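Here is the structure we will look at, set down as structure tokens.
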Amino acid sequence: MVRTEKEKMLAGDLYYGGDKELVRERDYARNLTFEFNHARPTEKEKKQTILKQLINAKGAFYIEAPFNCDYGYNIQVGENFYANFGCTILDVNMVTIGDNVLLAPNVQIYTAAHPVDPMERLTGKEFAKPIVIGNNVWIGGGAIICPGVTIGDNVTIGAGSVVLKDIPANVVAAGNPCRAIKNLQFEAS
């Protein structure tokens, strides 16, 4: 059975991003994000309607303009999601975001990756790895979340961090590369 480039993309395998179906779907998302980013700040209903055409949201969510993504349909957000100005989500693969997640300005979430071998990269093939962000997470301004990363529940990621590897639950993590710098203790309720 021959798989489509989209099927390869979503499976995390090498795929050709210039595939006609993928270009058409990216153009659709870019047209919607253009409309969203150029709507007046007071056109809140219009902006939410546009976002609901892009993103799979479990509940209430709010995203400030400008916002950019590749496809939109690979972004799943939980209840009470908020993304501040300048968020970019390259959702070539699934981006699953839990409940009560806050993104400070200019947070970048990248599922997209390219081969490190230059000859393989020159073929135009690329790949993507999913990203999972748990519940009750705050990601500081300018942080970059790289392909294949999982961030646990109750995590704070410091501003400017570059998250290259998984971050366990219940920590404050920061740096480049990002690492846990403080364990959080919670009292049982």
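In the structure tokens, chains take letters A, B, ... by order of appearance, with residues numbered from 1 within each chain and ligands from 1 in the order shown.
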
Checklist entry - What are the DSSP strand (DSSP E) residues of chain A, as number ranges by chain? => result A: 15-16, 56-57, 61-63, 67-69, 75-77, 81-83, 87-90, 95-97, 102-103, 108-110, 112-113, 125-128, 131-133, 138-139, 144-145, 150-151, 156-157, 162-163, 171-175, 178-183

Checklist entry - Within 8 Å of Ala57 (chain A), counting only C-alpha atoms, which residues qualify if same-chain residues fewer than 2 places away don't, as a VMD selection string? => result chain A and resid 52 55 59 to 61 76 to 79

Please, could you write that set of residues out with N, CA, C and O atoms as a PDB file, in the first residue's frame?
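Result file follows (selection.pdb):
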```
ATOM      1  N   LYS A  52     -11.465  28.664  15.664  1.00  0.00           N
ATOM      2  CA  LYS A  52     -12.177  27.390  15.798  1.00  0.00           C
ATOM      3  C   LYS A  52     -12.168  26.597  14.491  1.00  0.00           C
ATOM      4  O   LYS A  52     -12.373  25.385  14.505  1.00  0.00           O
ATOM      5  N   ILE A  55      -8.137  25.179  15.004  1.00  0.00           N
ATOM      6  CA  ILE A  55      -7.642  24.453  16.165  1.00  0.00           C
ATOM      7  C   ILE A  55      -8.734  23.597  16.783  1.00  0.00           C
ATOM      8  O   ILE A  55      -9.878  24.025  16.904  1.00  0.00           O
ATOM      9  N   GLY A  59     -12.145  23.286  25.188  1.00  0.00           N
ATOM     10  CA  GLY A  59     -12.955  24.242  25.933  1.00  0.00           C
ATOM     11  C   GLY A  59     -12.555  25.666  25.602  1.00  0.00           C
ATOM     12  O   GLY A  59     -12.110  25.963  24.507  1.00  0.00           O
ATOM     13  N   ALA A  60     -12.680  26.532  26.597  1.00  0.00           N
ATOM     14  CA  ALA A  60     -12.366  27.946  26.424  1.00  0.00           C
ATOM     15  C   ALA A  60     -10.878  28.134  26.149  1.00  0.00           C
ATOM     16  O   ALA A  60     -10.034  27.510  26.790  1.00  0.00           O
ATOM     17  N   PHE A  61     -10.578  28.985  25.174  1.00  0.00           N
ATOM     18  CA  PHE A  61      -9.189  29.304  24.860  1.00  0.00           C
ATOM     19  C   PHE A  61      -9.115  30.687  24.241  1.00  0.00           C
ATOM     20  O   PHE A  61     -10.112  31.190  23.717  1.00  0.00           O
ATOM     21  N   GLN A  76      -4.173  20.513  19.292  1.00  0.00           N
ATOM     22  CA  GLN A  76      -5.273  20.187  20.198  1.00  0.00           C
ATOM     23  C   GLN A  76      -4.985  20.858  21.530  1.00  0.00           C
ATOM     24  O   GLN A  76      -3.946  20.614  22.141  1.00  0.00           O
ATOM     25  N   VAL A  77      -5.894  21.734  21.966  1.00  0.00           N
ATOM     26  CA  VAL A  77      -5.704  22.438  23.235  1.00  0.00           C
ATOM     27  C   VAL A  77      -6.808  22.067  24.210  1.00  0.00           C
ATOM     28  O   VAL A  77      -7.953  21.837  23.828  1.00  0.00           O
ATOM     29  N   GLY A  78      -6.451  22.045  25.490  1.00  0.00           N
ATOM     30  CA  GLY A  78      -7.403  21.740  26.547  1.00  0.00           C
ATOM     31  C   GLY A  78      -8.151  22.980  26.999  1.00  0.00           C
ATOM     32  O   GLY A  78      -8.115  24.041  26.369  1.00  0.00           O
ATOM     33  N   GLU A  79      -8.793  22.846  28.122  1.00  0.00           N
ATOM     34  CA  GLU A  79      -9.573  23.922  28.734  1.00  0.00           C
ATOM     35  C   GLU A  79      -8.641  25.041  29.212  1.00  0.00           C
ATOM     36  O   GLU A  79      -7.549  24.766  29.708  1.00  0.00           O
TER      37      GLU A  79
END
```

Item to check | From A:Tyr71, A:Tyr16, A:Tyr28, A:Phe85, residue lying nearest Gly142 (chain A) [only C-alpha atoms] | outcome: A:Phe85

Item to check | Which residue of A:Phe67, A:Tyr15, A:Phe34, A:Phe81 approaches Gln108 (chain A) most closely, using only C-alpha atoms | outcome: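 Between A:Phe67, A:Tyr15, A:Phe34, A:Phe81, the residue approaching Gln108 (chain A) most closely is A:Phe67.
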
Next on the checklist: With only C-alpha atoms as the counted atoms, please give the residues lying no more than 12 Å from Leu22 (chain A), apart from itself and same-chain residues fewer than 2 positions off, as a VMD selection string.
Outcome noted: chain A and resid 4 to 10 15 to 20 24 to 29 70 to 71 92

Item to check | A:Glu120, A:Asp91, A:Asp13, A:Glu43 ranked by distance to Pro147 (chain A), top pick (using only C-alpha atoms) | outcome: A:Asp91

Next on the checklist: Can you pull out every residue from region 64-158 of chain A that DSSP, working from the backbone, puts in alpha helix (DSSP H), and format the result as a PyMOL selection string?
Outcome noted: chain A and resi 118-121

Convert the current residue selection to file output with all heavy atoms, as a CSV table (one decimal), in the first residue's frame.
```
chain,number,residue,atom,x,y,z
A,118,PRO,N,23.5,16.6,5.2
A,118,PRO,CA,23.2,17.6,4.2
A,118,PRO,C,22.7,17.0,2.9
A,118,PRO,O,21.9,17.6,2.2
A,118,PRO,CB,24.5,18.4,4.1
A,118,PRO,CG,25.5,17.5,4.7
A,118,PRO,CD,24.9,16.6,5.6
A,119,MET,N,23.2,15.8,2.5
A,119,MET,CA,22.8,15.3,1.2
A,119,MET,C,21.4,14.8,1.3
A,119,MET,O,20.6,15.0,0.3
A,119,MET,CB,23.7,14.1,0.8
A,119,MET,CG,25.2,14.5,0.7
A,119,MET,SD,25.5,16.1,-0.2
A,119,MET,CE,25.1,15.6,-1.9
A,120,GLU,N,21.0,14.2,2.4
A,120,GLU,CA,19.6,13.8,2.6
A,120,GLU,C,18.7,15.1,2.7
A,120,GLU,O,17.6,15.1,2.1
A,120,GLU,CB,19.5,13.0,3.9
A,120,GLU,CG,18.1,12.3,4.0
A,120,GLU,CD,18.1,11.4,5.2
A,120,GLU,OE1,18.8,11.5,6.2
A,120,GLU,OE2,17.2,10.5,5.2
A,121,ARG,N,19.2,16.1,3.3
A,121,ARG,CA,18.4,17.3,3.4
A,121,ARG,C,18.1,18.0,2.1
A,121,ARG,O,17.1,18.5,1.8
A,121,ARG,CB,19.1,18.3,4.4
A,121,ARG,CG,18.3,19.5,4.8
A,121,ARG,CD,18.9,20.3,6.0
A,121,ARG,NE,20.3,20.6,5.7
A,121,ARG,CZ,21.4,20.2,6.5
A,121,ARG,NH1,21.2,19.3,7.5
A,121,ARG,NH2,22.6,20.6,6.2
```

Checklist entry - So what do you get for CA of Thr88 (chain A) versus CA of Gly148 (chain A), distance-wise? => result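 If I compute the distance from CA of Thr88 (chain A) to CA of Gly148 (chain A), I get 16.3 Å.
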
Item to check | Pick from A:Gly98, A:Ile157, A:Asn106, A:Leu122, whichever lies nearest to Glu64 (chain A) using only C-alpha atoms | outcome: A:Asn106

Item to check | Length of the CA of Val172 (chain A) to CA of Gly12 (chain A) vector [Å] | outcome: 29.2 Å

Next on the checklist: As an exercise, work out the distance from CA of Cys178 (chain A) to CA of Ala143 (chain A) in Å and give it to one decimal place.
Outcome noted: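 Separating CA of Cys178 (chain A) from CA of Ala143 (chain A) is a distance of 9.4 Å.
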
Item to check | Leu90 (chain A) environment, 10 Å, only C-alpha atoms, sequence neighbours closer than 5 positions dropped, as an NGL selection string | outcome: :A and (68-72 or 74-75 or 95 or 108-113 or 128 or 146-147)

Item to check | From A:Pro105, A:Ala159, A:Asp117, A:Thr96, residue lying nearest Val132 (chain A) [only C-alpha atoms] | outcome: A:Thr96

Next on the checklist: I'd like the neighbourhood of Leu102 (chain A) as a ChimeraX atom specification, where a residue qualifies if any of its atoms comes within 9 Å (using only C-alpha atoms), though same-chain residues fewer than 4 positions away should be ignored.
Outcome noted: /A:80-84,136-140

Restricting it to all heavy atoms, dump the selection as a PDB file, in the first residue's frame.
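What ended up in selection_1.pdb:
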```
ATOM      1  N   ASN A  80      -9.085  26.294  29.059  1.00  0.00           N
ATOM      2  CA  ASN A  80      -8.373  27.465  29.591  1.00  0.00           C
ATOM      3  C   ASN A  80      -6.964  27.630  29.026  1.00  0.00           C
ATOM      4  O   ASN A  80      -6.009  27.865  29.761  1.00  0.00           O
ATOM      5  CB  ASN A  80      -8.312  27.421  31.122  1.00  0.00           C
ATOM      6  CG  ASN A  80      -9.683  27.426  31.734  1.00  0.00           C
ATOM      7  OD1 ASN A  80     -10.563  28.152  31.287  1.00  0.00           O
ATOM      8  ND2 ASN A  80      -9.882  26.593  32.741  1.00  0.00           N
ATOM      9  N   PHE A  81      -6.837  27.540  27.713  1.00  0.00           N
ATOM     10  CA  PHE A  81      -5.552  27.753  27.051  1.00  0.00           C
ATOM     11  C   PHE A  81      -5.418  29.233  26.684  1.00  0.00           C
ATOM     12  O   PHE A  81      -6.371  29.853  26.223  1.00  0.00           O
ATOM     13  CB  PHE A  81      -5.471  26.904  25.776  1.00  0.00           C
ATOM     14  CG  PHE A  81      -4.263  27.193  24.926  1.00  0.00           C
ATOM     15  CD1 PHE A  81      -3.006  26.790  25.335  1.00  0.00           C
ATOM     16  CD2 PHE A  81      -4.395  27.871  23.726  1.00  0.00           C
ATOM     17  CE1 PHE A  81      -1.895  27.052  24.553  1.00  0.00           C
ATOM     18  CE2 PHE A  81      -3.288  28.136  22.937  1.00  0.00           C
ATOM     19  CZ  PHE A  81      -2.033  27.727  23.351  1.00  0.00           C
ATOM     20  N   TYR A  82      -4.224  29.775  26.886  1.00  0.00           N
ATOM     21  CA  TYR A  82      -3.955  31.173  26.510  1.00  0.00           C
ATOM     22  C   TYR A  82      -2.570  31.260  25.887  1.00  0.00           C
ATOM     23  O   TYR A  82      -1.584  30.774  26.454  1.00  0.00           O
ATOM     24  CB  TYR A  82      -4.009  32.093  27.735  1.00  0.00           C
ATOM     25  CG  TYR A  82      -3.640  33.519  27.403  1.00  0.00           C
ATOM     26  CD1 TYR A  82      -4.556  34.371  26.799  1.00  0.00           C
ATOM     27  CD2 TYR A  82      -2.371  34.000  27.680  1.00  0.00           C
ATOM     28  CE1 TYR A  82      -4.212  35.683  26.474  1.00  0.00           C
ATOM     29  CE2 TYR A  82      -2.023  35.317  27.355  1.00  0.00           C
ATOM     30  CZ  TYR A  82      -2.944  36.151  26.761  1.00  0.00           C
ATOM     31  OH  TYR A  82      -2.601  37.440  26.434  1.00  0.00           O
ATOM     32  N   ALA A  83      -2.499  31.882  24.708  1.00  0.00           N
ATOM     33  CA  ALA A  83      -1.230  32.152  24.036  1.00  0.00           C
ATOM     34  C   ALA A  83      -1.116  33.651  23.816  1.00  0.00           C
ATOM     35  O   ALA A  83      -1.983  34.266  23.186  1.00  0.00           O
ATOM     36  CB  ALA A  83      -1.141  31.416  22.708  1.00  0.00           C
ATOM     37  N   ASN A  84      -0.049  34.248  24.319  1.00  0.00           N
ATOM     38  CA  ASN A  84       0.178  35.677  24.188  1.00  0.00           C
ATOM     39  C   ASN A  84       0.721  35.995  22.786  1.00  0.00           C
ATOM     40  O   ASN A  84       0.904  35.106  21.957  1.00  0.00           O
ATOM     41  CB  ASN A  84       1.131  36.149  25.298  1.00  0.00           C
ATOM     42  CG  ASN A  84       0.848  37.563  25.739  1.00  0.00           C
ATOM     43  OD1 ASN A  84       0.520  38.426  24.931  1.00  0.00           O
ATOM     44  ND2 ASN A  84       0.978  37.812  27.031  1.00  0.00           N
ATOM     45  N   ASN A 136      -1.600  22.564  33.503  1.00  0.00           N
ATOM     46  CA  ASN A 136      -1.098  23.555  34.459  1.00  0.00           C
ATOM     47  C   ASN A 136       0.345  23.957  34.170  1.00  0.00           C
ATOM     48  O   ASN A 136       1.173  24.044  35.076  1.00  0.00           O
ATOM     49  CB  ASN A 136      -1.226  23.027  35.899  1.00  0.00           C
ATOM     50  CG  ASN A 136      -2.611  22.491  36.176  1.00  0.00           C
ATOM     51  OD1 ASN A 136      -3.605  23.110  35.805  1.00  0.00           O
ATOM     52  ND2 ASN A 136      -2.680  21.331  36.792  1.00  0.00           N
ATOM     53  N   VAL A 137       0.629  24.203  32.911  1.00  0.00           N
ATOM     54  CA  VAL A 137       1.990  24.550  32.475  1.00  0.00           C
ATOM     55  C   VAL A 137       2.033  26.019  32.087  1.00  0.00           C
ATOM     56  O   VAL A 137       1.123  26.524  31.427  1.00  0.00           O
ATOM     57  CB  VAL A 137       2.427  23.656  31.292  1.00  0.00           C
ATOM     58  CG1 VAL A 137       3.752  24.118  30.709  1.00  0.00           C
ATOM     59  CG2 VAL A 137       2.510  22.195  31.729  1.00  0.00           C
ATOM     60  N   TRP A 138       3.105  26.677  32.471  1.00  0.00           N
ATOM     61  CA  TRP A 138       3.374  28.050  32.039  1.00  0.00           C
ATOM     62  C   TRP A 138       4.704  28.040  31.319  1.00  0.00           C
ATOM     63  O   TRP A 138       5.711  27.578  31.869  1.00  0.00           O
ATOM     64  CB  TRP A 138       3.412  29.002  33.231  1.00  0.00           C
ATOM     65  CG  TRP A 138       3.802  30.409  32.878  1.00  0.00           C
ATOM     66  CD1 TRP A 138       3.523  31.090  31.727  1.00  0.00           C
ATOM     67  CD2 TRP A 138       4.555  31.307  33.674  1.00  0.00           C
ATOM     68  NE1 TRP A 138       4.032  32.354  31.767  1.00  0.00           N
ATOM     69  CE2 TRP A 138       4.682  32.509  32.971  1.00  0.00           C
ATOM     70  CE3 TRP A 138       5.124  31.209  34.940  1.00  0.00           C
ATOM     71  CZ2 TRP A 138       5.368  33.612  33.469  1.00  0.00           C
ATOM     72  CZ3 TRP A 138       5.807  32.313  35.427  1.00  0.00           C
ATOM     73  CH2 TRP A 138       5.919  33.495  34.703  1.00  0.00           C
ATOM     74  N   ILE A 139       4.711  28.542  30.079  1.00  0.00           N
ATOM     75  CA  ILE A 139       5.932  28.607  29.278  1.00  0.00           C
ATOM     76  C   ILE A 139       6.285  30.079  29.102  1.00  0.00           C
ATOM     77  O   ILE A 139       5.504  30.857  28.558  1.00  0.00           O
ATOM     78  CB  ILE A 139       5.751  27.897  27.925  1.00  0.00           C
ATOM     79  CG1 ILE A 139       5.407  26.417  28.180  1.00  0.00           C
ATOM     80  CG2 ILE A 139       7.006  28.033  27.075  1.00  0.00           C
ATOM     81  CD1 ILE A 139       5.114  25.617  26.943  1.00  0.00           C
ATOM     82  N   GLY A 140       7.473  30.448  29.584  1.00  0.00           N
ATOM     83  CA  GLY A 140       7.918  31.836  29.584  1.00  0.00           C
ATOM     84  C   GLY A 140       8.235  32.376  28.200  1.00  0.00           C
ATOM     85  O   GLY A 140       8.436  31.632  27.237  1.00  0.00           O
TER      86      GLY A 140
END
```
